[in-house]
Each structure stands twice: as structure tokens, then as C-alpha cells.
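Student: Pasting coords26.cif here (mmCIF, C-alpha atoms):
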data_upload
#
loop_
_atom_site.label_atom_id
_atom_site.label_comp_id
_atom_site.auth_asym_id
_atom_site.auth_seq_id
_atom_site.Cartn_x
_atom_site.Cartn_y
_atom_site.Cartn_z
CA MET A 1 2.09 -18.14 -20.34
CA ASP A 2 5.62 -16.86 -19.62
CA ILE A 3 6.90 -19.50 -17.21
CA ARG A 4 10.11 -17.68 -16.30
CA ARG A 5 8.26 -14.54 -15.26
CA ASN A 6 5.45 -16.44 -13.56
CA LEU A 7 7.59 -18.94 -11.65
CA PRO A 8 8.18 -16.62 -8.64
CA LEU A 9 4.43 -16.00 -8.48
CA LEU A 10 3.71 -19.73 -8.65
CA MET A 11 6.23 -20.30 -5.85
CA THR A 12 4.51 -17.61 -3.77
CA ILE A 13 1.12 -19.21 -4.35
CA CYS A 14 2.41 -22.67 -3.38
CA PHE A 15 4.19 -21.32 -0.30
CA LEU A 16 1.10 -19.49 0.99
CA SER A 17 -1.31 -22.35 0.28
CA GLN A 18 0.97 -25.02 1.75
CA MET A 19 1.65 -22.90 4.82
CA GLY A 20 -2.08 -22.49 5.29
CA GLY A 21 -2.68 -26.22 5.02
CA PHE A 22 -0.01 -27.04 7.56
CA MET A 23 -1.13 -24.24 9.86
CA ILE A 24 -4.42 -26.02 10.51
CA LEU A 25 -2.93 -29.51 10.93
CA PRO A 26 -1.97 -29.09 14.62
CA LEU A 27 -5.40 -27.64 15.43
CA PHE A 28 -7.52 -30.71 14.80
CA PRO A 29 -7.05 -32.18 18.30
CA LEU A 30 -8.40 -28.90 19.64
CA PHE A 31 -11.48 -29.28 17.45
CA ILE A 32 -12.34 -32.51 19.24
CA GLU A 33 -12.75 -30.51 22.42
CA GLU A 34 -14.38 -27.55 20.65
CA PHE A 35 -17.14 -29.56 18.99
CA GLY A 36 -17.33 -32.46 21.41
CA LEU A 37 -16.76 -34.86 18.53
CA SER A 38 -16.15 -38.56 18.91
CA GLY A 39 -13.05 -40.17 17.53
CA TRP A 40 -15.09 -41.80 14.76
CA MET A 41 -16.61 -38.47 13.70
CA MET A 42 -13.18 -36.89 13.58
CA GLY A 43 -12.08 -39.80 11.41
CA VAL A 44 -14.96 -39.15 9.03
CA ILE A 45 -14.01 -35.48 8.80
CA PHE A 46 -10.41 -36.39 8.03
CA ALA A 47 -11.61 -38.83 5.37
CA LEU A 48 -13.82 -36.18 3.73
CA PHE A 49 -10.75 -34.09 3.01
CA TYR A 50 -9.17 -36.97 1.10
CA VAL A 51 -12.46 -37.75 -0.63
CA GLY A 52 -12.37 -34.19 -1.92
CA LYS A 53 -8.81 -34.70 -3.12
CA VAL A 54 -9.84 -37.89 -4.94
CA ILE A 55 -12.71 -36.36 -6.86
CA GLY A 56 -11.04 -32.98 -7.42
CA GLY A 57 -8.30 -33.90 -9.88
CA VAL A 58 -10.28 -34.56 -13.06
CA PRO A 59 -12.60 -31.51 -12.72
CA ALA A 60 -9.55 -29.35 -11.99
CA ALA A 61 -7.88 -30.57 -15.18
CA ALA A 62 -11.04 -29.73 -17.14
CA ILE A 63 -11.21 -26.27 -15.58
CA TYR A 64 -7.54 -25.72 -16.41
CA LYS A 65 -8.10 -26.64 -20.06
CA LYS A 66 -11.27 -24.52 -20.25
CA LEU A 67 -10.17 -21.37 -18.40
CA GLY A 68 -6.39 -21.51 -18.55
CA GLY A 69 -3.88 -21.62 -15.72
CA LYS A 70 -4.36 -18.12 -14.33
CA LYS A 71 -8.14 -18.23 -13.97
CA ALA A 72 -8.05 -21.81 -12.68
CA LEU A 73 -5.57 -20.81 -9.97
CA ILE A 74 -7.69 -17.85 -8.92
CA LEU A 75 -10.79 -20.05 -8.69
CA MET A 76 -9.06 -22.69 -6.54
CA LEU A 77 -7.54 -20.11 -4.22
CA ILE A 78 -10.86 -18.30 -3.71
CA LEU A 79 -12.44 -21.66 -2.84
CA LEU A 80 -9.68 -22.27 -0.30
CA ALA A 81 -10.21 -18.83 1.21
CA VAL A 82 -13.94 -19.52 1.57
CA CYS A 83 -13.18 -22.82 3.31
CA MET A 84 -10.70 -21.30 5.76
CA GLY A 85 -13.01 -18.43 6.61
CA GLY A 86 -15.82 -20.95 7.04
CA PHE A 87 -13.72 -22.96 9.50
CA ALA A 88 -13.32 -19.87 11.66
CA LEU A 89 -17.08 -19.29 11.73
CA SER A 90 -18.27 -22.90 11.85
CA THR A 91 -20.35 -24.08 14.80
CA ALA A 92 -21.53 -27.46 13.48
CA ALA A 93 -19.69 -30.66 12.67
CA VAL A 94 -21.69 -31.11 9.45
CA LEU A 95 -20.60 -27.73 8.12
CA PHE A 96 -17.03 -28.45 9.15
CA GLY A 97 -17.12 -31.73 7.24
CA LEU A 98 -18.51 -30.02 4.13
CA LEU A 99 -15.75 -27.41 4.27
CA ARG A 100 -13.14 -30.16 4.60
CA LEU A 101 -14.54 -31.78 1.46
CA LEU A 102 -14.29 -28.50 -0.46
CA GLN A 103 -10.80 -27.93 0.94
CA GLY A 104 -9.75 -31.28 -0.50
CA LEU A 105 -11.20 -30.34 -3.89
CA ALA A 106 -9.30 -27.05 -3.94
CA SER A 107 -6.09 -28.62 -2.65
CA THR A 108 -5.94 -31.20 -5.42
CA GLY A 109 -7.02 -28.56 -7.91
CA LEU A 110 -4.02 -26.41 -7.02
CA THR A 111 -1.66 -29.36 -7.43
CA VAL A 112 -3.07 -30.25 -10.82
CA VAL A 113 -3.05 -26.69 -12.14
CA VAL A 114 0.43 -25.76 -10.90
CA ARG A 115 2.07 -29.00 -12.08
CA SER A 116 0.23 -28.73 -15.42
CA ILE A 117 1.52 -25.20 -15.92
CA ILE A 118 5.07 -26.40 -15.29
CA GLY A 119 4.56 -29.37 -17.61
CA ASP A 120 3.05 -27.30 -20.41
CA GLU A 121 5.34 -24.30 -20.31
CA GLY A 122 8.59 -26.06 -19.37
CA ASN A 123 10.57 -28.48 -21.48
CA VAL A 124 12.67 -31.60 -21.03
CA ASP A 125 15.68 -29.51 -19.96
CA ASN A 126 14.05 -27.50 -17.17
CA ARG A 127 10.91 -29.24 -15.87
CA GLY A 128 12.83 -30.91 -13.06
CA LEU A 129 14.35 -27.62 -11.95
CA TYR A 130 11.04 -25.77 -12.07
CA ASN A 131 9.25 -28.56 -10.20
CA GLY A 132 12.09 -28.37 -7.68
CA TYR A 133 11.39 -24.69 -7.07
CA ILE A 134 7.72 -25.50 -6.52
CA SER A 135 8.53 -28.30 -4.06
CA SER A 136 10.96 -26.01 -2.25
CA SER A 137 8.34 -23.29 -1.82
CA GLU A 138 5.89 -25.90 -0.53
CA GLY A 139 8.55 -27.10 1.91
CA GLY A 140 8.93 -23.55 3.23
CA GLY A 141 5.21 -23.41 3.96
CA MET A 142 5.40 -26.83 5.57
CA VAL A 143 8.11 -25.54 7.94
CA LEU A 144 6.42 -22.31 9.00
CA GLY A 145 2.78 -23.39 9.10
CA PRO A 146 2.76 -25.61 12.22
CA VAL A 147 5.03 -23.23 14.13
CA ILE A 148 2.83 -20.21 13.49
CA SER A 149 -0.48 -21.92 14.22
CA GLY A 150 0.86 -23.63 17.34
CA TRP A 151 1.98 -20.30 18.78
CA LEU A 152 -1.27 -18.57 17.84
CA ALA A 153 -3.37 -21.32 19.43
CA LEU A 154 -1.57 -20.75 22.72
CA HIS A 155 -2.29 -17.02 22.84
CA TRP A 156 -5.39 -16.37 20.74
CA PRO A 157 -8.84 -17.87 20.15
CA LEU A 158 -8.98 -20.94 17.93
CA SER A 159 -10.56 -18.98 15.07
CA VAL A 160 -7.55 -16.67 14.65
CA PRO A 161 -5.25 -19.14 12.83
CA PHE A 162 -8.03 -19.91 10.35
CA LEU A 163 -8.61 -16.22 9.72
CA LEU A 164 -4.88 -15.79 9.12
CA VAL A 165 -4.94 -18.67 6.61
CA THR A 166 -7.86 -16.95 4.88
CA VAL A 167 -5.71 -13.83 4.50
CA CYS A 168 -2.87 -15.96 3.11
CA CYS A 169 -5.20 -17.45 0.50
CA LEU A 170 -6.37 -14.00 -0.54
CA MET A 171 -2.75 -12.88 -0.84
CA ALA A 172 -2.18 -15.87 -3.11
CA VAL A 173 -5.16 -14.74 -5.22
CA VAL A 174 -3.44 -11.37 -5.70
CA ALA A 175 -0.26 -13.19 -6.77
CA ALA A 176 -2.25 -15.25 -9.29
CA MET A 177 -3.81 -12.09 -10.71
CA GLY A 178 -0.32 -10.81 -11.43
CA MET A 179 0.60 -13.74 -13.67
CA LYS A 180 1.22 -13.04 -17.33
CA THR A 181 -0.92 -15.07 -19.74
CA THR A 182 0.02 -16.34 -23.18
CA ALA A 183 -1.83 -13.46 -24.82
CA GLN A 184 0.18 -10.96 -22.82
CA ALA A 185 3.39 -12.77 -23.68
CA ARG A 186 2.49 -12.63 -27.38
CA ALA A 187 1.95 -8.89 -27.19
CA ASN A 188 5.45 -8.45 -25.77
CA LEU A 189 7.25 -10.49 -28.42
CA LYS A 190 9.65 -8.69 -30.69
CA SER A 191 8.75 -8.24 -34.34
CA GLY A 192 9.32 -11.44 -36.27
CA ASP A 193 9.32 -13.72 -33.21
CA THR A 194 6.77 -16.46 -32.80
CA LEU A 195 5.03 -17.50 -29.63
CA SER A 196 6.56 -20.97 -29.79
CA ASP A 197 10.03 -19.42 -30.13
CA HIS A 198 9.43 -17.37 -27.04
CA LEU A 199 8.19 -20.30 -24.99
CA LEU A 200 11.09 -22.49 -26.09
CA GLU A 201 13.73 -20.11 -24.83
CA GLY A 202 15.72 -21.28 -21.84
CA PRO A 203 16.78 -19.06 -18.96
CA SER A 204 19.59 -17.61 -21.06
CA GLY A 205 17.22 -16.68 -23.86
CA VAL A 206 18.54 -19.38 -26.19
CA VAL A 207 16.29 -21.95 -27.73
CA LYS A 208 17.24 -25.28 -26.21
CA GLN A 209 14.90 -27.96 -27.48
CA GLU A 210 11.49 -28.30 -29.04
CA PRO A 211 8.67 -29.55 -26.86
CA LEU A 212 8.23 -33.29 -27.09
CA VAL A 213 4.76 -32.92 -28.57
CA ASN A 214 6.12 -31.22 -31.69
CA SER A 215 8.10 -34.29 -32.67
CA ALA A 216 6.63 -37.37 -34.22
CA HIS A 217 7.82 -39.85 -31.61
CA PRO A 218 5.21 -41.41 -29.32
CA VAL A 219 4.30 -39.77 -26.05
CA LEU A 220 1.93 -40.65 -23.24
CA HIS A 221 -1.80 -40.41 -23.91
CA THR A 222 -4.65 -42.02 -22.06
CA ASP A 223 -5.21 -44.53 -24.83
CA ASP A 224 -3.16 -47.64 -25.60
CA THR A 225 -0.29 -46.46 -27.76
CA PRO A 226 3.49 -46.59 -27.46
CA PRO A 227 5.43 -44.56 -24.85
CA LEU A 228 8.59 -42.53 -24.88
CA PRO A 229 11.95 -43.69 -23.66
CA SER A 230 12.48 -42.33 -20.17
CA THR A 231 15.69 -40.35 -20.29
CA THR A 232 16.55 -37.02 -21.87
CA SER A 233 19.19 -38.64 -24.06
CA ASP A 234 16.65 -41.24 -25.15
CA ALA A 235 14.17 -38.52 -26.06
CA LEU A 236 16.75 -36.70 -28.18
CA HIS A 237 17.75 -39.95 -29.88
CA THR A 238 14.13 -40.75 -30.61
CA GLN A 239 13.52 -37.36 -32.17
CA ALA A 240 16.11 -38.20 -34.83
CA ALA A 241 14.07 -41.23 -35.84
CA ASP A 242 10.72 -39.48 -36.24
CA THR A 243 10.06 -40.62 -39.81
CA SER A 244 10.61 -44.27 -38.93
CA LEU A 245 8.39 -44.10 -35.87
CA THR A 246 5.63 -42.37 -37.78
CA SER A 247 5.53 -45.16 -40.29
CA GLN A 248 5.48 -47.71 -37.48
CA SER A 249 2.52 -46.01 -35.84
CA ASN A 250 0.58 -46.15 -39.09
CA GLN A 251 1.03 -49.90 -39.42
CA ALA A 252 -0.81 -51.05 -36.29
CA PRO A 253 -3.84 -49.93 -34.25
CA GLU A 254 -2.92 -47.70 -31.33
CA SER A 255 -4.84 -49.79 -28.82
CA THR A 256 -2.63 -52.84 -29.33
CA THR A 257 0.73 -51.41 -30.36
CA THR A 258 3.55 -51.62 -27.85
CA GLY A 259 6.39 -49.14 -27.55
CA PRO A 260 9.33 -49.52 -29.92
CA TYR A 261 11.72 -50.06 -27.03
CA THR A 262 9.73 -50.63 -23.83
CA GLY A 263 6.96 -53.05 -24.73
CA PHE A 264 4.51 -50.89 -22.71
CA THR A 265 1.37 -49.44 -24.19
CA ARG A 266 0.58 -45.90 -23.15
CA ARG A 267 -2.30 -47.06 -21.02
CA GLN A 268 0.07 -49.43 -19.25
CA GLN A 269 2.34 -46.45 -18.63
CA LEU A 270 -0.56 -44.50 -17.16
CA VAL A 271 -1.48 -47.43 -14.91
CA GLY A 272 2.15 -47.75 -13.86
CA TYR A 273 2.48 -44.08 -12.96
CA GLY A 274 -0.84 -44.14 -11.15
CA THR A 275 0.18 -47.22 -9.16
CA VAL A 276 3.47 -45.71 -8.09
CA HIS A 277 1.86 -42.45 -6.95
CA PHE A 278 -0.98 -44.37 -5.26
CA LEU A 279 1.60 -46.29 -3.19
CA GLU A 280 3.60 -43.16 -2.38
CA MET A 281 0.55 -41.21 -1.23
CA SER A 282 -0.64 -44.23 0.78
CA ALA A 283 2.66 -44.36 2.63
CA TYR A 284 2.63 -40.59 3.17
CA ALA A 285 -0.92 -40.66 4.59
CA VAL A 286 0.05 -43.42 7.04
CA PHE A 287 3.03 -41.36 8.18
CA LEU A 288 1.01 -38.16 8.65
CA THR A 289 -1.78 -39.97 10.49
CA TYR A 290 0.20 -42.22 12.83
CA PHE A 291 3.67 -40.79 13.40
CA ALA A 292 2.49 -38.47 16.18
CA LEU A 293 0.82 -41.42 17.93
CA TYR A 294 3.93 -43.55 17.49
CA ALA A 295 6.12 -40.76 18.85
CA ALA A 296 3.88 -40.29 21.90
CA HIS A 297 3.17 -43.93 22.81
CA ILE A 298 6.26 -45.80 21.62
CA MET A 299 9.07 -43.23 21.74
CA HIS A 300 7.45 -41.23 24.61
CA TRP A 301 8.08 -37.88 22.97
CA ASP A 302 6.31 -34.66 23.90
CA PRO A 303 4.31 -32.71 21.27
CA PHE A 304 7.05 -30.12 20.77
CA ALA A 305 9.63 -32.78 19.89
CA THR A 306 7.18 -34.34 17.46
CA SER A 307 6.46 -30.99 15.80
CA LEU A 308 10.18 -30.37 15.49
CA ALA A 309 10.51 -33.64 13.55
CA PHE A 310 8.05 -32.36 10.95
CA THR A 311 9.92 -29.06 10.84
CA VAL A 312 13.26 -30.81 10.20
CA SER A 313 11.70 -32.76 7.33
CA GLY A 314 10.24 -29.58 5.85
CA ILE A 315 13.56 -27.73 6.08
CA SER A 316 15.28 -30.64 4.36
CA THR A 317 12.76 -30.59 1.50
CA LEU A 318 13.01 -26.81 1.24
CA ALA A 319 16.80 -26.89 0.91
CA ALA A 320 17.11 -29.97 -1.30
CA ALA A 321 14.32 -29.50 -3.83
CA PRO A 322 16.00 -27.01 -6.23
CA PHE A 323 19.25 -28.99 -6.31
CA VAL A 324 17.41 -32.26 -6.81
CA GLY A 325 15.37 -30.71 -9.62
CA TYR A 326 18.54 -29.46 -11.32
CA LEU A 327 20.12 -32.91 -10.96
CA SER A 328 17.00 -34.48 -12.44
CA ASP A 329 17.31 -32.29 -15.53
CA ARG A 330 21.03 -32.97 -15.95
CA MET A 331 20.83 -36.73 -15.40
CA GLY A 332 17.73 -37.23 -17.49
CA ASP A 333 17.01 -40.53 -15.71
CA ARG A 334 14.14 -39.23 -13.62
CA LEU A 335 12.78 -42.65 -12.63
CA LEU A 336 16.10 -43.48 -10.99
CA LEU A 337 15.78 -40.39 -8.81
CA CYS A 338 12.17 -41.34 -8.00
CA MET A 339 13.41 -44.73 -6.79
CA LEU A 340 16.18 -43.10 -4.78
CA GLY A 341 13.65 -40.77 -3.18
CA MET A 342 11.43 -43.65 -2.06
CA PHE A 343 14.48 -45.49 -0.72
CA LEU A 344 15.48 -42.47 1.38
CA ILE A 345 11.93 -42.21 2.74
CA GLY A 346 12.22 -45.86 3.72
CA ILE A 347 15.43 -45.10 5.61
CA GLU A 348 13.55 -42.42 7.53
CA VAL A 349 10.98 -44.99 8.68
CA VAL A 350 13.59 -47.60 9.56
CA VAL A 351 15.45 -45.06 11.72
CA PHE A 352 12.53 -44.14 13.96
CA LEU A 353 11.48 -47.79 14.21
CA SER A 354 14.98 -48.61 15.44
CA THR A 355 15.59 -45.86 17.99
CA SER A 356 13.84 -43.18 20.02
CA SER A 357 16.93 -40.95 20.13
CA HIS A 358 15.93 -37.43 19.18
CA LEU A 359 19.16 -36.83 17.28
CA TRP A 360 18.99 -39.97 15.18
CA VAL A 361 15.29 -39.59 14.41
CA TYR A 362 15.89 -36.01 13.30
CA VAL A 363 18.71 -37.23 11.06
CA GLY A 364 16.26 -39.74 9.62
CA MET A 365 13.73 -36.98 9.02
CA LEU A 366 16.44 -34.97 7.27
CA ILE A 367 17.12 -37.91 4.96
CA GLY A 368 13.40 -38.47 4.38
CA GLY A 369 12.91 -34.83 3.43
CA VAL A 370 15.55 -35.16 0.72
CA GLY A 371 13.80 -38.34 -0.43
CA GLY A 372 10.48 -36.54 -0.72
CA ALA A 373 12.09 -33.84 -2.86
CA CYS A 374 13.74 -36.48 -5.09
CA TYR A 375 10.44 -38.23 -5.67
CA MET A 376 8.10 -35.29 -6.20
CA ASP A 377 10.44 -33.26 -8.43
CA SER A 378 11.37 -36.16 -10.68
CA PHE A 379 7.95 -37.83 -10.83
CA PHE A 380 5.99 -34.85 -12.12
CA ALA A 381 8.86 -33.80 -14.40
CA HIS A 382 8.88 -37.32 -15.87
CA ILE A 383 5.14 -37.12 -16.52
CA GLY A 384 5.59 -33.72 -18.15
CA ASP A 385 8.35 -35.08 -20.41
CA HIS A 386 6.21 -37.92 -21.72
CA THR A 387 2.79 -36.29 -22.07
CA PRO A 388 1.60 -34.06 -24.94
CA ASP A 389 0.21 -30.59 -24.35
CA GLU A 390 -3.39 -31.47 -25.13
CA SER A 391 -3.64 -34.25 -22.54
CA ARG A 392 -1.00 -33.39 -19.93
CA SER A 393 -3.32 -31.72 -17.42
CA SER A 394 -5.86 -34.53 -17.79
CA VAL A 395 -3.20 -37.21 -17.18
CA ILE A 396 -1.84 -35.41 -14.11
CA GLY A 397 -5.38 -34.92 -12.80
CA LYS A 398 -6.21 -38.60 -13.14
CA ILE A 399 -2.96 -39.70 -11.50
CA VAL A 400 -3.32 -37.28 -8.58
CA SER A 401 -6.97 -38.15 -7.97
CA ALA A 402 -6.39 -41.91 -8.17
CA ALA A 403 -3.43 -41.62 -5.79
CA GLU A 404 -5.55 -39.84 -3.20
CA ILE A 405 -7.67 -42.99 -2.89
CA GLY A 406 -4.63 -44.42 -1.17
CA SER A 407 -4.78 -41.56 1.32
CA ILE A 408 -8.25 -42.76 2.32
CA VAL A 409 -7.66 -46.51 2.28
CA SER A 410 -4.19 -46.84 3.80
CA PRO A 411 -4.95 -45.14 7.16
CA LEU A 412 -8.00 -47.40 7.53
CA VAL A 413 -5.86 -50.49 6.83
CA ALA A 414 -3.31 -49.16 9.30
CA ALA A 415 -6.05 -48.68 11.90
CA LEU A 416 -7.00 -52.36 11.55
CA LEU A 417 -3.35 -53.36 11.91
CA MET A 418 -3.11 -51.26 15.05
CA GLU A 419 -6.20 -52.98 16.47
CA VAL A 420 -4.89 -56.52 15.87
CA GLY A 421 -1.21 -55.71 16.26
CA SER A 422 0.55 -52.53 17.34
CA LEU A 423 1.73 -49.15 16.12
CA TYR A 424 4.95 -50.86 15.11
CA SER A 425 3.04 -53.04 12.62
CA VAL A 426 1.55 -49.88 11.10
CA PHE A 427 4.96 -48.72 9.97
CA VAL A 428 5.99 -52.16 8.81
CA PHE A 429 2.98 -51.81 6.50
CA ASN A 430 4.35 -48.40 5.54
CA LEU A 431 7.68 -49.95 4.56
CA VAL A 432 5.90 -52.57 2.46
CA LEU A 433 4.12 -49.82 0.50
CA ILE A 434 7.45 -48.07 -0.13
CA ALA A 435 9.14 -51.30 -1.23
CA VAL A 436 6.38 -52.15 -3.69
CA ALA A 437 6.55 -48.64 -5.17
CA ILE A 438 10.29 -49.03 -5.74
CA VAL A 439 9.79 -52.42 -7.41
CA VAL A 440 7.13 -51.05 -9.79
CA GLN A 441 9.40 -48.16 -10.76
CA ALA A 442 12.35 -50.51 -11.24
CA VAL A 443 10.32 -52.68 -13.62
CA MET A 444 9.17 -49.66 -15.63
CA ARG A 445 12.68 -48.23 -15.77
CA SER A 446 14.21 -51.51 -16.92
CA ARG A 447 11.70 -51.72 -19.77
CA TYR A 448 12.37 -48.10 -20.75
CA ARG A 449 16.08 -48.75 -20.98
CA LEU A 450 16.01 -52.07 -22.86
CA LYS A 451 17.27 -50.38 -26.00
CA GLU A 452 20.45 -49.33 -24.21
CA GLY A 453 21.39 -53.00 -23.85
#
Could you render the structure as C-alpha cells?
Tutor:
Amino acid sequence: MDIRRNLPLLMTICFLSQMGGFMILPLFPLFIEEFGLSGWMMGVIFALFYVGKVIGGVPAAAIYKKLGGKKALILMLILLAVCMGGFALSTAAVLFGLLRLLQGLASTGLTVVVRSIIGDEGNVDNRGLYNGYISSSEGGGMVLGPVISGWLALHWPLSVPFLLVTVCCLMAVVAAMGMKTTAQARANLKSGDTLSDHLLEGPSGVVKQEPLVNSAHPVLHTDDTPPLPSTTSDALHTQAADTSLTSQSNQAPESTTTGPYTGFTRRQQLVGYGTVHFLEMSAYAVFLTYFALYAAHIMHWDPFATSLAFTVSGISTLAAAPFVGYLSDRMGDRLLLCMLGMFLIGIEVVVFLSTSSHLWVYVGMLIGGVGGACYMDSFFAHIGDHTPDESRSSVIGKIVSAAEIGSIVSPLVAALLMEVGSLYSVFVFNLVLIAVAIVVQAVMRSRYRLKEG
């Protein structure tokens, strides 16, 4: 697959799908009135979406490996279109819940497929930048979605926004159909070129670096074997020592061997990555679920001011993501940027816990949006750097699915905290999740960089 040609199409797909997802977010309060649902039933419906996200990652990775990126994208987008059209026609809570479950499956599937395409077709020099473009396009959808649906809900029947999202999903299907596959790229190669040469070319057409999987140094698998060093410079240094590392790998069983520099087995790496993303998604789910309540009951904001806060955060992510991705590629130390991103998200929470001033809270949201871009761009680029082609989609699928369990559990824990404490205690819990994620990343990074001492 020609990543440079397909990147604008991937960005279009992510923009349309993310805009559709955020278009329906403001409509759920209206569904309470439409269906006469209790608060508990609405909670179950919300949970079903995250259940779908949990169980969707691994099957999506399998579909990606079986069908390829293009067909997998088309399948996920068609499923999303069916869900959105079903929402517009639904008259029963049970059907609505089933559609939410399928929406979660398709949502996680899109994440796995898109990030796997970037991981497979990019390299250590450009994965951060390409992931940044994807995050930026998602941020654009996040900005426009709530604004469009909120306006439509004021002037049109409730089904209209869902029908519009259905159209957006079908437009994304058309974009996916226009992607060039590996076979098409091979047909366009000049005489004497190889497919691997073509895929290794950077934006300027010059071969920059071989994929990590073509070297003999250890990379992340799902079994217990040694990991890579974390930085770009470390990876290049390790490539020079391939003969030595190969002999080391033949001297000990993979299930018990630790990394030559980190002391982590590859399974420990996978657990570490999964833990970090679990904590990040837990914190994000708490924010999405309870910030509007906090703004209304503690800060006494109206719904428009609250919506504007989400818009500011989305604009910040949209603007920052490409630059953060470029910085991630140039620095090479992606885990450091992940830690910085989580720290900036923590600042966002501290700001709105400290003041109800619109200006200062919006500044906090601006900072948090940059933090989200730092984390997402660098995290998935880091995984792509340290995972071989044959298992990359599977690893990403497992990490994404496991992390979505946090999206189910953390709002329930927060609900208990709200019952025994207050909304303020909910976001103290949020800060604890962020702090633990930073600590886990700091430990992993320190072990990766032991050789530099």
C-alpha cells in the first residue's frame, strides 16, 4: 500500500468518522426523552458502546491481516453506516443498544486498521508525523461534529443528524475505495525497482531506513523475548550490532530472555504498553462522562459554554498534532513525549478544578488538547517502531481492546465516588489515573535508556 498517496484518503476517512461520532454525542440527552429511558438504562446503552470497543480490537486485527487494509476499512465503514442509519429508524431501546454495541465494534476496528496501516507502511523516521496527521484529522471532526449536530437538533427532527452521519460514513467508504493497494503500487514501479524499495522511500523519494523488522535486532512480539531500545538513535545503533544480538537470541529460550539493555521481556513490554493505554483511556472516559456534569453543577456553566470547551480542545489537537508528530520523529524519544502529553492533560484537569473562569478553563482545554496530541501521536508511533510487520496489527488490536475495558470500569468507579463523595472527588480520581500512567511510562523509559548511562 502506497502510504504517501493514501494518507490524504486515510485523513478524510478519520475526519468523517470522527465527526460522525462526535455529532451524536450531544444527542444522547434527547434520547432519554425520546425513548422514555431511565438513567440506568441509558447507562447500560453507554456501556454497550465500550463493550463493543473492548471486543472489537482483536477481530479487527484478524480482518486486517486476512483482507488487507483497504477491504478492512470498507467493511468497518459500512458497519458504521448501518449503525447510524439504524439509529435514525430505531423505535426500541433494545435495538438502540444493539446498534451501540456494533458501533463500538466498528469504532475500534477503524482505530486498529488505520494505526496498523501507518505502522506497517511507515518507518521509524515518519510514523510520528503520519500519526500526527491522523490525529489532526480526527481533531477536525471532533471540532465540527458537536456544532453541526447541535444546530441540526434545534431546527430539524432528531433523526436528521443520524442520517447525515450515515451519509458521512458512505462518503468515507468512497474514499476507502480510492486507496491504492500494494498490488497496484507494484504495477506502477519502474523497471528494476522492488516493492520494498518503493515502500522505503521517504517523502523526497530517497530511501531513508530499512524497516525495523528487516534487521536482526529484537522487536516487540506477543511472546516473552527481548525488546528494542526506545529511541530512533538507539534503534540505529542496535542495527549495527545485529550479528551479536542474533547470537545472543540463539543462546537462551525466548520466554525467559530479557532485553540486552532494558531487562524487559517482550511480554512485559506488551503489558506495560497496555497498562499505560488502559490508564489513559480510563481518564479520558471519566472526563467525557462527567465534565459536563461538573461544569453544570460545580462551575454553573450553560450547555453552550460547555460545548465550547470541547471545541477549544478539539481545535488545539487539530493544530498541534502534525507538529507534535514531526517533533516525535525528530526527537526519537517518543515515550518522553507520551509522558509530557499526560502531564499536560493533568494540567487541564487541575485548571478546571481550581477555577470556574471561562477564560482560564479554555486555556486549560487548549493545553489539554496539545497533551492529547502528544500522547496519541507518540504512543502509536512507538508501538509501530518496536513491532514487526507480522504481529503489529495484532499487538495494536490487543492494546486498544484492553484499554477500552478502562472506559467501562472507570466511569462506574467514578459514579461510586460521586455517590459517597462529590463530583470533585471524581476528578481527583482522574488525576490519580494520569499520575500512575506517567509513572509507568517513566519506569519503562528509564529501563530503555539504561545503556546510555
Student: Find the distance between atom CA of A:Val324 and atom CA of A:Gly346 and write it in Å to one decimal.
Tutor: 18.0 Å
Student: Around the point (13.8, -32.4, 12.5), in the coordinates given by the file, pick out the residues reaching within 8 Å, counting all atoms listed in the file, and return them as an mmCIF file with C-alpha atoms, in the coordinates of the input.
Tutor:
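Saved to result-v3.cif:
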data_model
loop_
_atom_site.group_PDB
_atom_site.id
_atom_site.type_symbol
_atom_site.label_atom_id
_atom_site.label_comp_id
_atom_site.auth_asym_id
_atom_site.auth_seq_id
_atom_site.Cartn_x
_atom_site.Cartn_y
_atom_site.Cartn_z
ATOM 1 C CA LEU A 308 10.180 -30.370 15.490
ATOM 2 C CA ALA A 309 10.510 -33.640 13.550
ATOM 3 C CA PHE A 310 8.050 -32.360 10.950
ATOM 4 C CA THR A 311 9.920 -29.060 10.840
ATOM 5 C CA VAL A 312 13.260 -30.810 10.200
ATOM 6 C CA SER A 313 11.700 -32.760 7.330
ATOM 7 C CA ILE A 315 13.560 -27.730 6.080
ATOM 8 C CA VAL A 361 15.290 -39.590 14.410
ATOM 9 C CA TYR A 362 15.890 -36.010 13.300
ATOM 10 C CA VAL A 363 18.710 -37.230 11.060
ATOM 11 C CA MET A 365 13.730 -36.980 9.020
ATOM 12 C CA LEU A 366 16.440 -34.970 7.270
#
Student: Just to confirm, what's the straight-line distance from atom CA of A:Leu158 to atom CA of A:Phe87 in Å (one decimal)?
Tutor: 9.9 Å
Student: Specify as a PyMOL selection string each residue included when the PyMOL selection byres ((chain A and resi 438) around 12) is applied to this file.
Tutor: chain A and resi 272-273+275-277+279-280+335-346+375+431-437+439-445
Student: Using all atoms listed in the file, can you list as a compact mmCIF listing (two decimals) with C-alpha atoms, in the coordinates of the input the residues within 12 Å of (-2.8, -15.6, 5.6)?
Tutor:
# COMPACT_ATOMS: atom_id res chain seq x y z
CA ILE A 13 1.12 -19.21 -4.35
CA PHE A 15 4.19 -21.32 -0.30
CA LEU A 16 1.10 -19.49 0.99
CA SER A 17 -1.31 -22.35 0.28
CA GLN A 18 0.97 -25.02 1.75
CA MET A 19 1.65 -22.90 4.82
CA GLY A 20 -2.08 -22.49 5.29
CA GLY A 21 -2.68 -26.22 5.02
CA PHE A 22 -0.01 -27.04 7.56
CA MET A 23 -1.13 -24.24 9.86
CA ILE A 24 -4.42 -26.02 10.51
CA LEU A 77 -7.54 -20.11 -4.22
CA LEU A 80 -9.68 -22.27 -0.30
CA ALA A 81 -10.21 -18.83 1.21
CA MET A 84 -10.70 -21.30 5.76
CA GLY A 85 -13.01 -18.43 6.61
CA GLY A 141 5.21 -23.41 3.96
CA LEU A 144 6.42 -22.31 9.00
CA GLY A 145 2.78 -23.39 9.10
CA ILE A 148 2.83 -20.21 13.49
CA SER A 149 -0.48 -21.92 14.22
CA VAL A 160 -7.55 -16.67 14.65
CA PRO A 161 -5.25 -19.14 12.83
CA PHE A 162 -8.03 -19.91 10.35
CA LEU A 163 -8.61 -16.22 9.72
CA LEU A 164 -4.88 -15.79 9.12
CA VAL A 165 -4.94 -18.67 6.61
CA THR A 166 -7.86 -16.95 4.88
CA VAL A 167 -5.71 -13.83 4.50
CA CYS A 168 -2.87 -15.96 3.11
CA CYS A 169 -5.20 -17.45 0.50
CA LEU A 170 -6.37 -14.00 -0.54
CA MET A 171 -2.75 -12.88 -0.84
CA ALA A 172 -2.18 -15.87 -3.11
CA VAL A 173 -5.16 -14.74 -5.22
Student: Excluding A:Ser137 and its own-chain neighbours fewer than 3 positions away, which residues fall within 8 Å of it when counting only C-alpha atoms? Please give them as a CSV table (one decimal) with C-alpha atoms, in the frame of the given file.
Tutor:
chain,number,residue,atom,x,y,z
A,11,MET,CA,6.2,-20.3,-5.8
A,12,THR,CA,4.5,-17.6,-3.8
A,14,CYS,CA,2.4,-22.7,-3.4
A,15,PHE,CA,4.2,-21.3,-0.3
A,133,TYR,CA,11.4,-24.7,-7.1
A,134,ILE,CA,7.7,-25.5,-6.5
A,140,GLY,CA,8.9,-23.6,3.2
A,141,GLY,CA,5.2,-23.4,4.0
A,318,LEU,CA,13.0,-26.8,1.2
